[in-house]
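File shown here: final-v6.cif, holding mmCIF, C-alpha atoms.
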data_upload
loop_
_atom_site.group_PDB
_atom_site.id
_atom_site.type_symbol
_atom_site.label_atom_id
_atom_site.label_comp_id
_atom_site.auth_asym_id
_atom_site.auth_seq_id
_atom_site.Cartn_x
_atom_site.Cartn_y
_atom_site.Cartn_z
ATOM 1 C CA MET A 85 0.000 0.000 0.000
ATOM 2 C CA SER A 86 2.789 2.441 0.884
ATOM 3 C CA LEU A 87 4.587 1.510 -2.315
ATOM 4 C CA CYS A 88 1.479 2.295 -4.370
ATOM 5 C CA THR A 89 1.181 5.692 -2.668
ATOM 6 C CA ILE A 90 4.786 6.523 -3.571
ATOM 7 C CA TRP A 91 4.369 5.357 -7.171
ATOM 8 C CA ASN A 92 1.150 7.323 -7.638
ATOM 9 C CA THR A 93 2.650 10.503 -6.215
ATOM 10 C CA LEU A 94 5.757 10.087 -8.361
ATOM 11 C CA LEU A 95 3.651 9.733 -11.500
ATOM 12 C CA GLN A 96 1.650 12.846 -10.641
ATOM 13 C CA GLU A 97 4.788 14.888 -9.998
ATOM 14 C CA LEU A 98 6.417 13.740 -13.234
ATOM 15 C CA ASN A 99 3.419 15.110 -15.108
ATOM 16 C CA ASN A 100 3.125 18.293 -13.066
ATOM 17 C CA ASP A 101 3.586 21.124 -15.562
ATOM 18 C CA ASN A 102 2.802 23.851 -13.054
ATOM 19 C CA GLU A 103 6.222 23.925 -11.434
ATOM 20 C CA PRO A 104 8.287 27.072 -12.114
ATOM 21 C CA GLU A 105 11.357 26.619 -14.298
ATOM 22 C CA GLU A 106 13.677 27.955 -11.610
ATOM 23 C CA LYS A 107 12.993 26.475 -8.235
ATOM 24 C CA SER A 108 15.071 26.499 -5.077
ATOM 25 C CA LYS A 109 16.493 23.091 -4.237
ATOM 26 C CA ILE A 110 16.263 23.904 -0.542
ATOM 27 C CA ILE A 111 12.896 23.157 1.070
ATOM 28 C CA SER A 112 12.407 24.645 4.511
ATOM 29 C CA VAL A 113 10.282 22.517 6.830
ATOM 30 C CA ARG A 114 9.399 24.024 10.200
ATOM 31 C CA HIS A 115 7.080 21.348 11.499
ATOM 32 C CA LEU A 116 7.211 17.758 10.286
ATOM 33 C CA LYS A 117 4.792 15.277 11.821
ATOM 34 C CA PHE A 118 5.395 11.589 11.246
ATOM 35 C CA PRO A 119 2.495 9.121 11.505
ATOM 36 C CA LEU A 120 2.581 6.676 14.372
ATOM 37 C CA PRO A 121 3.901 3.181 13.630
ATOM 38 C CA TYR A 122 1.449 0.312 13.505
ATOM 39 C CA GLU A 123 2.007 -0.865 17.077
ATOM 40 C CA LEU A 124 1.204 2.622 18.403
ATOM 41 C CA SER A 125 -1.864 3.177 16.199
ATOM 42 C CA ASN A 126 -4.266 1.358 18.531
ATOM 43 C CA PRO A 127 -4.183 -1.981 16.659
ATOM 44 C CA PRO A 128 -6.118 -5.088 17.781
ATOM 45 C CA SER A 129 -5.232 -6.206 21.297
ATOM 46 C CA ILE A 130 -3.271 -9.389 21.869
ATOM 47 C CA SER A 131 -4.090 -11.982 24.517
ATOM 48 C CA VAL A 132 -1.035 -13.382 26.258
ATOM 49 C CA ILE A 133 -2.814 -16.692 26.886
ATOM 50 C CA TRP A 134 -4.632 -17.198 23.585
ATOM 51 C CA ASP A 135 -2.279 -15.446 21.165
ATOM 52 C CA VAL A 136 1.241 -15.267 22.577
ATOM 53 C CA LEU A 137 1.478 -18.546 24.497
ATOM 54 C CA PRO A 138 0.708 -20.867 21.515
ATOM 55 C CA VAL A 139 3.358 -19.100 19.397
ATOM 56 C CA LEU A 140 5.856 -19.326 22.257
ATOM 57 C CA LEU A 141 5.240 -23.044 22.780
ATOM 58 C CA LYS A 142 5.619 -23.715 19.066
ATOM 59 C CA SER A 143 8.942 -21.889 18.906
ATOM 60 C CA LEU A 144 10.313 -23.417 22.133
ATOM 61 C CA ALA A 145 9.323 -27.004 21.348
ATOM 62 C CA PRO A 146 12.410 -27.850 19.205
ATOM 63 C CA LYS A 147 14.699 -26.453 21.924
ATOM 64 C CA VAL A 148 13.351 -28.276 24.967
ATOM 65 C CA LEU A 149 11.586 -31.400 23.700
ATOM 66 C CA PRO A 150 12.785 -34.579 21.961
ATOM 67 C CA VAL A 151 12.626 -34.312 18.171
ATOM 68 C CA SER A 152 9.779 -36.839 17.865
ATOM 69 C CA ILE A 153 7.561 -34.875 20.271
ATOM 70 C CA ALA A 154 8.535 -31.494 18.838
ATOM 71 C CA ASN A 155 7.538 -32.725 15.373
ATOM 72 C CA LEU A 156 4.090 -33.656 16.661
ATOM 73 C CA ILE A 157 3.599 -30.066 17.841
ATOM 74 C CA ASN A 158 4.938 -28.562 14.612
ATOM 75 C CA PRO A 159 5.092 -31.240 11.870
ATOM 76 C CA LEU A 160 5.809 -28.648 9.192
ATOM 77 C CA SER A 161 9.282 -28.136 10.682
ATOM 78 C CA THR A 162 10.299 -31.432 9.064
ATOM 79 C CA GLU A 163 7.502 -32.441 6.680
ATOM 80 C CA GLY A 164 6.582 -29.157 4.991
ATOM 81 C CA TRP A 165 8.039 -28.142 1.623
ATOM 82 C CA LYS A 166 11.243 -26.160 2.031
ATOM 83 C CA GLY A 167 12.675 -25.989 -1.475
ATOM 84 C CA ASP A 168 15.074 -28.286 -3.317
ATOM 85 C CA PHE A 169 18.441 -27.639 -1.673
ATOM 86 C CA GLU A 170 19.542 -26.972 1.892
ATOM 87 C CA ALA A 171 20.288 -23.434 3.029
ATOM 88 C CA VAL A 172 23.951 -22.515 3.298
ATOM 89 C CA GLU A 173 25.178 -21.169 6.633
ATOM 90 C CA GLU A 174 25.769 -17.400 6.574
ATOM 91 C CA GLU A 175 24.695 -17.141 2.936
ATOM 92 C CA PRO A 176 24.030 -13.556 1.794
ATOM 93 C CA HIS A 177 20.822 -12.450 0.104
ATOM 94 C CA ASP A 178 21.038 -13.425 -3.563
ATOM 95 C CA THR A 179 17.597 -13.208 -5.139
ATOM 96 C CA GLU A 180 16.724 -14.890 -8.415
ATOM 97 C CA VAL A 181 13.792 -13.168 -10.160
ATOM 98 C CA ARG A 182 11.584 -14.036 -13.110
ATOM 99 C CA THR A 183 8.721 -11.926 -14.434
ATOM 100 C CA ILE A 184 5.239 -13.043 -15.460
ATOM 101 C CA HIS A 185 2.904 -10.894 -17.555
ATOM 102 C CA VAL A 186 -0.754 -11.910 -17.938
ATOM 103 C CA PRO A 187 -2.152 -9.844 -20.830
ATOM 104 C CA LEU A 188 -5.469 -8.050 -20.951
ATOM 105 C CA ASP A 189 -7.273 -10.674 -23.059
ATOM 106 C CA ILE A 190 -6.657 -13.274 -20.325
ATOM 107 C CA TRP A 191 -6.752 -11.220 -17.135
ATOM 108 C CA LYS A 192 -9.620 -8.778 -17.695
ATOM 109 C CA PRO A 193 -12.280 -11.499 -18.264
ATOM 110 C CA ILE A 194 -11.049 -13.233 -15.113
ATOM 111 C CA THR A 195 -11.372 -10.063 -12.995
ATOM 112 C CA GLU A 196 -14.875 -9.574 -14.394
ATOM 113 C CA GLY A 197 -15.670 -13.164 -13.445
ATOM 114 C CA CYS A 198 -14.399 -12.494 -9.928
ATOM 115 C CA LYS A 199 -16.698 -9.478 -9.632
ATOM 116 C CA GLN A 200 -19.692 -11.543 -10.751
ATOM 117 C CA ARG A 201 -18.906 -14.164 -8.115
ATOM 118 C CA GLY A 202 -18.201 -11.737 -5.274
ATOM 119 C CA ILE A 203 -14.534 -12.627 -4.755
ATOM 120 C CA SER A 204 -11.277 -10.765 -5.183
ATOM 121 C CA PRO A 205 -8.925 -11.408 -8.132
ATOM 122 C CA HIS A 206 -6.313 -12.032 -5.441
ATOM 123 C CA ALA A 207 -8.079 -15.310 -4.626
ATOM 124 C CA ILE A 208 -7.707 -16.528 -8.202
ATOM 125 C CA VAL A 209 -4.025 -15.559 -8.261
ATOM 126 C CA PHE A 210 -3.540 -17.485 -5.023
ATOM 127 C CA ILE A 211 -5.250 -20.690 -6.156
ATOM 128 C CA SER A 212 -3.515 -20.528 -9.554
ATOM 129 C CA MET A 213 -0.163 -20.163 -7.779
ATOM 130 C CA MET A 214 -0.921 -23.200 -5.628
ATOM 131 C CA LEU A 215 -1.987 -25.319 -8.592
ATOM 132 C CA ALA A 216 1.181 -24.364 -10.482
ATOM 133 C CA TRP A 217 3.293 -25.231 -7.436
ATOM 134 C CA LYS A 218 1.446 -28.540 -7.080
ATOM 135 C CA GLN A 219 2.427 -29.536 -10.613
ATOM 136 C CA LEU A 220 6.079 -28.856 -9.841
ATOM 137 C CA TYR A 221 6.021 -30.412 -6.363
ATOM 138 C CA PRO A 222 3.258 -33.059 -6.321
ATOM 139 C CA GLY A 223 2.292 -34.853 -3.131
ATOM 140 C CA GLN A 224 3.743 -32.258 -0.760
ATOM 141 C CA THR A 225 2.330 -30.194 2.092
ATOM 142 C CA THR A 226 3.246 -26.556 2.498
ATOM 143 C CA GLU A 227 2.550 -23.430 4.510
ATOM 144 C CA VAL A 228 1.576 -20.284 2.617
ATOM 145 C CA SER A 229 1.720 -16.690 3.842
ATOM 146 C CA THR A 230 -0.484 -13.844 2.600
ATOM 147 C CA PRO A 231 0.504 -10.327 3.769
ATOM 148 C CA VAL A 232 -2.529 -8.349 4.954
ATOM 149 C CA ASN A 233 -3.103 -4.579 5.019
ATOM 150 C CA CYS A 234 -3.914 -3.749 8.661
ATOM 151 C CA ARG A 235 -4.828 -0.046 8.382
ATOM 152 C CA ALA A 236 -8.544 -0.742 8.772
ATOM 153 C CA TRP A 237 -7.971 -2.628 12.052
ATOM 154 C CA CYS A 238 -6.519 0.405 13.820
ATOM 155 C CA HIS A 239 -8.750 2.747 15.841
ATOM 156 C CA PRO A 240 -9.233 5.125 14.224
ATOM 157 C CA ALA A 241 -8.443 3.520 10.880
ATOM 158 C CA VAL A 242 -5.183 4.648 9.292
ATOM 159 C CA PRO A 243 -5.819 6.413 5.936
ATOM 160 C CA ALA A 244 -4.763 4.523 2.838
ATOM 161 C CA ASN A 245 -2.301 7.228 1.799
ATOM 162 C CA VAL A 246 -0.291 7.094 5.036
ATOM 163 C CA ILE A 247 3.101 5.511 4.455
ATOM 164 C CA GLY A 248 4.162 2.908 6.988
ATOM 165 C CA ASN A 249 4.513 -0.797 7.668
ATOM 166 C CA TYR A 250 0.893 -1.500 8.659
ATOM 167 C CA VAL A 251 1.036 -5.158 7.739
ATOM 168 C CA GLY A 252 0.187 -8.551 9.168
ATOM 169 C CA ALA A 253 0.047 -12.018 7.619
ATOM 170 C CA TYR A 254 -2.567 -14.720 7.110
ATOM 171 C CA THR A 255 -1.004 -18.181 7.139
ATOM 172 C CA SER A 256 -2.640 -21.287 5.724
ATOM 173 C CA VAL A 257 -1.512 -24.891 5.322
ATOM 174 C CA TRP A 258 -2.165 -26.804 2.102
ATOM 175 C CA THR A 259 -2.037 -30.586 1.876
ATOM 176 C CA PRO A 260 -2.131 -32.748 -1.268
ATOM 177 C CA LYS A 261 -5.780 -33.553 -0.525
ATOM 178 C CA GLN A 262 -6.719 -29.860 -0.296
ATOM 179 C CA LEU A 263 -5.039 -29.276 -3.649
ATOM 180 C CA GLU A 264 -7.201 -31.859 -5.394
ATOM 181 C CA ILE A 265 -9.145 -28.958 -6.882
ATOM 182 C CA LYS A 266 -11.786 -29.673 -9.515
ATOM 183 C CA ASP A 267 -13.513 -26.279 -9.539
ATOM 184 C CA ILE A 268 -11.085 -23.362 -9.337
ATOM 185 C CA TRP A 269 -13.894 -20.862 -8.661
ATOM 186 C CA LYS A 270 -15.145 -22.807 -5.640
ATOM 187 C CA ALA A 271 -11.600 -23.145 -4.297
ATOM 188 C CA ALA A 272 -10.973 -19.413 -4.798
ATOM 189 C CA LYS A 273 -14.222 -18.510 -3.041
ATOM 190 C CA ARG A 274 -13.373 -20.763 -0.098
ATOM 191 C CA TYR A 275 -9.936 -19.169 0.218
ATOM 192 C CA HIS A 276 -11.435 -15.675 -0.143
ATOM 193 C CA GLN A 277 -13.885 -16.368 2.697
ATOM 194 C CA ASP A 278 -11.180 -17.864 4.918
ATOM 195 C CA LEU A 279 -8.928 -14.853 4.328
ATOM 196 C CA GLN A 280 -11.690 -12.358 5.125
ATOM 197 C CA SER A 281 -12.732 -14.157 8.308
ATOM 198 C CA ASN A 282 -9.136 -14.372 9.559
ATOM 199 C CA LYS A 283 -7.964 -10.839 8.784
ATOM 200 C CA LYS A 284 -8.297 -9.644 12.364
ATOM 201 C CA GLU A 285 -6.133 -12.493 13.633
ATOM 202 C CA ALA A 286 -3.715 -11.924 10.760
ATOM 203 C CA SER A 287 -3.385 -8.280 11.790
ATOM 204 C CA LYS A 288 -1.836 -9.392 15.117
ATOM 205 C CA GLN A 289 1.065 -11.249 13.554
ATOM 206 C CA SER A 290 3.641 -8.458 13.505
ATOM 207 C CA LEU A 291 2.612 -7.273 16.987
ATOM 208 C CA PHE A 292 4.273 -10.260 18.661
ATOM 209 C CA LEU A 293 7.617 -8.491 18.338
ATOM 210 C CA LYS A 294 6.949 -6.477 21.481
ATOM 211 C CA TYR A 295 6.974 -9.690 23.535
ATOM 212 C CA LEU A 296 10.585 -10.473 22.643
ATOM 213 C CA PRO A 297 12.426 -10.371 25.984
ATOM 214 C CA GLU A 298 15.647 -8.819 24.696
ATOM 215 C CA TYR A 299 16.181 -6.761 21.568
ATOM 216 C CA PRO A 300 18.015 -7.252 19.251
ATOM 217 C CA ALA A 301 19.335 -10.585 20.584
ATOM 218 C CA SER A 302 15.893 -12.232 20.826
ATOM 219 C CA TYR A 303 14.956 -10.946 17.382
ATOM 220 C CA CYS A 304 18.089 -12.449 15.840
ATOM 221 C CA ASP A 305 17.520 -15.736 17.697
ATOM 222 C CA TYR A 306 14.013 -15.924 16.235
ATOM 223 C CA TRP A 307 15.490 -16.103 12.737
ATOM 224 C CA TYR A 308 18.554 -18.198 13.551
ATOM 225 C CA ASP A 309 16.313 -20.787 15.207
ATOM 226 C CA LYS A 310 14.676 -21.407 11.845
ATOM 227 C CA ARG A 311 18.096 -22.232 10.420
ATOM 228 C CA LYS A 312 18.867 -24.592 13.310
ATOM 229 C CA ASN A 313 15.495 -26.285 13.793
ATOM 230 C CA SER A 314 14.214 -26.761 10.236
ATOM 231 C CA SER A 315 15.179 -29.813 8.238
ATOM 232 C CA MET A 316 16.677 -27.819 5.354
ATOM 233 C CA GLY A 317 17.798 -24.748 7.259
ATOM 234 C CA ARG A 318 14.727 -22.661 6.372
ATOM 235 C CA ALA A 319 11.107 -22.713 7.508
ATOM 236 C CA GLY A 320 9.985 -23.079 3.883
ATOM 237 C CA GLY A 321 6.662 -22.541 2.206
ATOM 238 C CA LEU A 322 5.375 -19.896 -0.191
ATOM 239 C CA GLU A 323 4.214 -16.301 -0.008
ATOM 240 C CA LEU A 324 1.857 -14.333 -2.238
ATOM 241 C CA SER A 325 2.257 -10.582 -1.831
ATOM 242 C CA ASP A 326 -0.506 -9.050 -3.939
ATOM 243 C CA LEU A 327 -0.982 -5.278 -4.189
ATOM 244 C CA GLY A 328 -4.283 -5.696 -6.023
ATOM 245 C CA LYS A 329 -5.375 -3.076 -8.552
ATOM 246 C CA PHE A 330 -3.077 -0.085 -8.832
ATOM 247 C CA LYS A 331 -5.285 2.983 -8.760
ATOM 248 C CA PHE A 332 -3.824 6.062 -10.385
ATOM 249 C CA GLU A 333 -4.988 9.226 -12.084
ATOM 250 C CA GLU A 334 -5.385 8.704 -15.810
ATOM 251 C CA GLN A 335 -2.880 10.657 -17.847
ATOM 252 C CA GLY A 336 -4.212 12.846 -20.645
ATOM 253 C CA ASP A 337 -3.103 12.654 -24.257
ATOM 254 C CA HIS A 338 -0.521 15.356 -23.679
ATOM 255 C CA ALA A 339 1.045 13.814 -20.572
ATOM 256 C CA THR A 340 4.805 13.440 -20.782
ATOM 257 C CA TRP A 341 4.810 10.255 -18.725
ATOM 258 C CA LYS A 342 2.349 7.402 -19.222
ATOM 259 C CA LEU A 343 2.124 4.252 -17.162
ATOM 260 C CA ILE A 344 2.586 1.270 -19.475
ATOM 261 C CA ASP A 345 3.385 -1.586 -17.093
ATOM 262 C CA LEU A 346 4.511 -2.057 -13.511
ATOM 263 C CA TYR A 347 6.350 -4.784 -11.617
ATOM 264 C CA PHE A 348 7.471 -4.961 -8.012
ATOM 265 C CA CYS A 349 9.680 -7.453 -6.252
ATOM 266 C CA GLN A 350 11.015 -8.295 -2.804
ATOM 267 C CA SER A 351 14.346 -9.841 -1.871
ATOM 268 C CA ALA A 352 14.382 -13.542 -1.071
ATOM 269 C CA GLN A 353 13.911 -14.666 2.513
ATOM 270 C CA THR A 354 16.889 -16.771 3.496
ATOM 271 C CA PHE A 355 15.419 -18.140 6.756
ATOM 272 C CA THR A 356 11.757 -18.673 5.894
ATOM 273 C CA VAL A 357 9.834 -18.679 2.602
ATOM 274 C CA ALA A 358 11.359 -20.726 -0.231
ATOM 275 C CA LEU A 359 9.327 -19.134 -3.059
ATOM 276 C CA GLY A 360 7.586 -15.786 -3.303
ATOM 277 C CA LEU A 361 5.132 -14.422 -5.855
ATOM 278 C CA ASN A 362 4.511 -10.646 -6.016
ATOM 279 C CA SER A 363 1.601 -9.372 -8.103
ATOM 280 C CA ILE A 364 -0.172 -6.159 -9.114
ATOM 281 C CA THR A 365 -2.918 -5.317 -11.612
ATOM 282 C CA VAL A 366 -2.339 -2.344 -13.927
ATOM 283 C CA ASN A 367 -4.454 -1.339 -16.924
ATOM 284 C CA ASP A 368 -6.446 -4.604 -16.644
ATOM 285 C CA GLN A 369 -3.274 -6.673 -16.899
ATOM 286 C CA LEU A 370 -1.512 -8.740 -14.250
ATOM 287 C CA TYR A 371 2.192 -8.252 -13.579
ATOM 288 C CA CYS A 372 4.065 -10.692 -11.351
ATOM 289 C CA THR A 373 7.577 -11.399 -10.175
ATOM 290 C CA LEU A 374 8.647 -14.806 -8.960
ATOM 291 C CA GLY A 375 11.540 -14.694 -6.479
ATOM 292 C CA TRP A 376 13.676 -17.171 -4.559
ATOM 293 C CA GLN A 377 17.089 -17.446 -2.935
ATOM 294 C CA LYS A 378 19.701 -18.522 -5.472
ATOM 295 C CA ASN A 379 20.507 -22.239 -5.210
ATOM 296 C CA ALA A 380 17.485 -22.925 -2.981
ATOM 297 C CA LEU A 381 15.373 -24.229 -5.879
ATOM 298 C CA ASP A 382 15.992 -26.390 -8.929
ATOM 299 C CA PHE A 383 16.325 -23.776 -11.669
ATOM 300 C CA GLY A 384 15.082 -26.078 -14.425
ATOM 301 C CA LYS A 385 12.002 -26.956 -12.423
ATOM 302 C CA ILE A 386 11.063 -23.454 -11.284
ATOM 303 C CA SER A 387 11.587 -22.106 -14.807
ATOM 304 C CA MET A 388 8.475 -24.047 -15.808
ATOM 305 C CA PHE A 389 6.318 -22.094 -13.340
ATOM 306 C CA HIS A 390 5.646 -19.265 -15.839
ATOM 307 C CA ASP A 391 4.046 -21.417 -18.535
ATOM 308 C CA ILE A 392 2.125 -23.561 -16.042
ATOM 309 C CA PHE A 393 0.732 -20.486 -14.268
ATOM 310 C CA ILE A 394 -0.333 -18.819 -17.540
ATOM 311 C CA GLY A 395 -1.860 -22.088 -18.740
ATOM 312 C CA ILE A 396 -3.965 -22.422 -15.589
ATOM 313 C CA LEU A 397 -5.312 -18.876 -16.003
ATOM 314 C CA LYS A 398 -6.085 -19.492 -19.692
ATOM 315 C CA ASP A 399 -8.110 -22.601 -18.849
ATOM 316 C CA ILE A 400 -10.338 -20.987 -16.207
ATOM 317 C CA PRO A 401 -13.993 -21.365 -17.304
ATOM 318 C CA LEU A 402 -15.569 -17.916 -17.390
ATOM 319 C CA LYS A 403 -19.285 -18.690 -17.735
ATOM 320 C CA LEU A 404 -21.384 -18.740 -14.602
ATOM 321 C CA LYS A 405 -22.875 -22.125 -13.836
#
Show me this structure written as structure tokens.
Amino acid sequence: MSLCTIWNTLLQELNNDNEPEEKSKIISVRHLKFPLPYELSNPPSISVIWDVLPVLLKSLAPKVLPVSIANLINPLSTEGWKGDFEAVEEEPHDTEVRTIHVPLDIWKPITEGCKQRGISPHAIVFISMMLAWKQLYPGQTTEVSTPVNCRAWCHPAVPANVIGNYVGAYTSVWTPKQLEIKDIWKAAKRYHQDLQSNKKEASKQSLFLKYLPEYPASYCDYWYDKRKNSSMGRAGGLELSDLGKFKFEEQGDHATWKLIDLYFCQSAQTFTVALGLNSITVNDQLYCTLGWQKNALDFGKISMFHDIFIGILKDIPLKLK
């Protein structure tokens, strides 16, 4: 959301013809008021017993319990999908990126179909991502993270144009049985409903940081523990970070700058997610980047994701039943 605000403002300023030719490069600011961070914006309250304690037990289990018992508490630490190759100790960030463009003739009818069915296009992107992943990694279970905009959960709500990290995450687990999907619209609607009903809980996710006993040591331990206690040195799973439809002021015929296409990407996560998909809709087209830590995935295998993903979207039936 913050990124979209910056992009939109940049586009407006590029096309601002009202600026004087000679303008001082020094801007005097007497009073500058920064918005409060998320944790100080009256977000949803957290229960120590019902919210914090389960997370604490899950994270402590590998440290204090035998492996067999710890795996019963958190089976994904060993069984969940974590990529193709083990993480390398002290490896630096080295993100591999591939782009995916879904043209107007494919994407616009799908978004119209979503509107008719009362679901977000995000839900279709999510299910299509999972089906593409399933073809590459059949028979596996994985955890999937969906970042959530938390501005609406603050009191009062934080305006959409306020820049800040007002984000949480909805996490879901997908088994081979759950991915036996025969009707993509039904699966997307089910995911859409689950996401909506869990947004309040998802908005608490980043607020757990305040319960770390010692900063920054406890914060660093949180990440290093994933290297030590996961079977391949990373927690694994996937993430879909979807910015939705990019809303911007239409440029006139005489505008110097016109928005043609738009991609965004995030660096790979070396301790957690093995594969990330970032998406945004611009001019009724879908633009995605696929990112992963170099040498974490089989390059030949993941290179097939593009065509599989596009093929799934092409085959979506558009007529209402």
Self-check item: Residues near A:Tyr122, cut-off 8 Å, all atoms listed in the file, skip fewer than 4 positions along chain, as a list in words
Solution: Asn126, Pro127, Cys238, Gly248, Asn249, Tyr250 and Val251 of chain A
Keeping C-alpha atoms, export the residues of the selection given above as a PDB file, in the coordinates of the input.
ATOM      1  CA  ASN A 126      -4.266   1.358  18.531  1.00  0.00           C
ATOM      2  CA  PRO A 127      -4.183  -1.981  16.659  1.00  0.00           C
ATOM      3  CA  CYS A 238      -6.519   0.405  13.820  1.00  0.00           C
ATOM      4  CA  GLY A 248       4.162   2.908   6.988  1.00  0.00           C
ATOM      5  CA  ASN A 249       4.513  -0.797   7.668  1.00  0.00           C
ATOM      6  CA  TYR A 250       0.893  -1.500   8.659  1.00  0.00           C
ATOM      7  CA  VAL A 251       1.036  -5.158   7.739  1.00  0.00           C
TER       8      VAL A 251
END
Self-check item: For atom CA of A:Asp168 and atom CA of A:Tyr308, the interatomic separation in Å (one decimal)
Solution: 20.0 Å
I need the output of the PyMOL selection byres ((chain A and resi 324) around 8) for this file as a PDB file with C-alpha atoms, keeping the file's coordinate frame; which residues are they?
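Generated file (out-v1.pdb):
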ATOM      1  CA  PHE A 210      -3.540 -17.485  -5.023  1.00  0.00           C
ATOM      2  CA  VAL A 228       1.576 -20.284   2.617  1.00  0.00           C
ATOM      3  CA  SER A 229       1.720 -16.690   3.842  1.00  0.00           C
ATOM      4  CA  THR A 230      -0.484 -13.844   2.600  1.00  0.00           C
ATOM      5  CA  PRO A 231       0.504 -10.327   3.769  1.00  0.00           C
ATOM      6  CA  LEU A 322       5.375 -19.896  -0.191  1.00  0.00           C
ATOM      7  CA  GLU A 323       4.214 -16.301  -0.008  1.00  0.00           C
ATOM      8  CA  SER A 325       2.257 -10.582  -1.831  1.00  0.00           C
ATOM      9  CA  ASP A 326      -0.506  -9.050  -3.939  1.00  0.00           C
ATOM     10  CA  GLY A 360       7.586 -15.786  -3.303  1.00  0.00           C
ATOM     11  CA  LEU A 361       5.132 -14.422  -5.855  1.00  0.00           C
ATOM     12  CA  ASN A 362       4.511 -10.646  -6.016  1.00  0.00           C
ATOM     13  CA  SER A 363       1.601  -9.372  -8.103  1.00  0.00           C
TER      14      SER A 363
END
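Among A:Asn100, A:Ser212, A:Thr373, A:Thr226, the residue with the shortest atom-to-atom distance to A:Ile194, counting only C-alpha atoms, is A:Ser212.
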Self-check item: atom CA of A:Ser131 to atom CA of A:Val232, distance in Å rounded to a single decimal
Solution: 20.0 Å
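This file, filtered with the PyMOL selection byres ((chain A and resi 372) around 10), gives the residues Arg182, Thr183, Ile184, His185, Val186, Val209, Ser325, Asp326, Leu346, Tyr347, Phe348, Cys349, Leu361, Asn362, Ser363, Ile364, Thr365, Leu370, Tyr371, Thr373, Leu374, Gly375 and His390 of chain A.
Distance-wise, atom CA of A:Pro193 and atom CA of A:Ala207 end up 14.8 Å apart.
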Box dimensions and centre (Å, one decimal) enclosing stretch 391-395 of chain A, axis-aligned, 3 Å extra per side, as lines of an AutoDock Vina configuration file:
center_x = 1.1
center_y = -21.2
center_z = -16.5
size_x = 11.9
size_y = 10.7
size_z = 10.5
Exercise. Expand the PyMOL selection byres ((chain A and resi 379) around 12) into the individual residues it matches in the shown file, reporting them as a PyMOL selection string.
Key: chain A and resi 167-172+175-180+352+354+358-359+375-378+380-384+386
Quiz prompt | A:Gly202 environment, 12 Å, only C-alpha atoms, sequence neighbours closer than 2 positions dropped, as an NGL selection string | solution = :A and (195-200 or 204-208 or 269-270 or 272-274 or 276-277)
Practice problem: Quick one: everything within 9 Å of A:Trp258, counting all atoms listed in the file, minus sequence neighbours fewer than 5 positions away in the same chain. Send it as a list in words. | Solution: Met214, Gln224, Thr225, Thr226, Glu227, Val228 and Leu263 of chain A
Identify, on the basis of all atoms listed in the file, every residue whose closest approach to A:Asn99 does not exceed 7 Å; exclude the query and any residue fewer than 2 positions from it along the same chain; express the result as a PDB file with C-alpha atoms, in the coordinates of the input.
ATOM      1  CA  LEU A  95       3.651   9.733 -11.500  1.00  0.00           C
ATOM      2  CA  GLN A  96       1.650  12.846 -10.641  1.00  0.00           C
ATOM      3  CA  GLU A  97       4.788  14.888  -9.998  1.00  0.00           C
ATOM      4  CA  ASP A 101       3.586  21.124 -15.562  1.00  0.00           C
ATOM      5  CA  ALA A 339       1.045  13.814 -20.572  1.00  0.00           C
ATOM      6  CA  THR A 340       4.805  13.440 -20.782  1.00  0.00           C
ATOM      7  CA  TRP A 341       4.810  10.255 -18.725  1.00  0.00           C
TER       8      TRP A 341
END
Practice problem: Counting all atoms listed in the file, write as a VMD selection string all protein and nucleic acid residues lying at most 8 Å from (1.2, -12.0, 18.6) in the file's frame. | Solution: chain A and resid 130 to 131 135 to 136 139 288 to 293 295
Self-check item: Among listed residues A:Ile265, A:Ala301, A:Cys234, A:Ala244, nearest A:Asn282 (using only C-alpha atoms)
Solution: A:Cys234
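Nearest to A:Leu140 of all the residues A:Leu296, A:Gln219, A:Ser281, A:Trp237 is A:Leu296, counting only C-alpha atoms.
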Self-check item: Residue nearest A:Pro243 - candidates A:Thr259, A:Thr89, A:Ser302, A:Asn367, atoms counted: all atoms listed in the file
Solution: A:Thr89
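You can rank A:Lys261, A:Leu124, A:Glu173, A:Ala241 by their closest distance to A:Pro222 using only C-alpha atoms, and at the top of that list sits A:Lys261.
Minimum atom-to-atom distances from A:Ser129, A:Ile400, A:Asp345, A:Asp368 to A:Glu285 were compared using only C-alpha atoms, and the lowest value belongs to A:Ser129.
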Can we get stretch 111-127 of chain A of that structure written down with C-alpha atoms, as a short mmCIF file (atom, residue, chain, number, x, y, z; two decimals), in the first residue's frame?
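Wrote result.cif, looks like this:
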data_model
loop_
_atom_site.label_atom_id
_atom_site.label_comp_id
_atom_site.auth_asym_id
_atom_site.auth_seq_id
_atom_site.Cartn_x
_atom_site.Cartn_y
_atom_site.Cartn_z
CA ILE A 111 12.90 23.16 1.07
CA SER A 112 12.41 24.65 4.51
CA VAL A 113 10.28 22.52 6.83
CA ARG A 114 9.40 24.02 10.20
CA HIS A 115 7.08 21.35 11.50
CA LEU A 116 7.21 17.76 10.29
CA LYS A 117 4.79 15.28 11.82
CA PHE A 118 5.39 11.59 11.25
CA PRO A 119 2.49 9.12 11.51
CA LEU A 120 2.58 6.68 14.37
CA PRO A 121 3.90 3.18 13.63
CA TYR A 122 1.45 0.31 13.51
CA GLU A 123 2.01 -0.86 17.08
CA LEU A 124 1.20 2.62 18.40
CA SER A 125 -1.86 3.18 16.20
CA ASN A 126 -4.27 1.36 18.53
CA PRO A 127 -4.18 -1.98 16.66
#
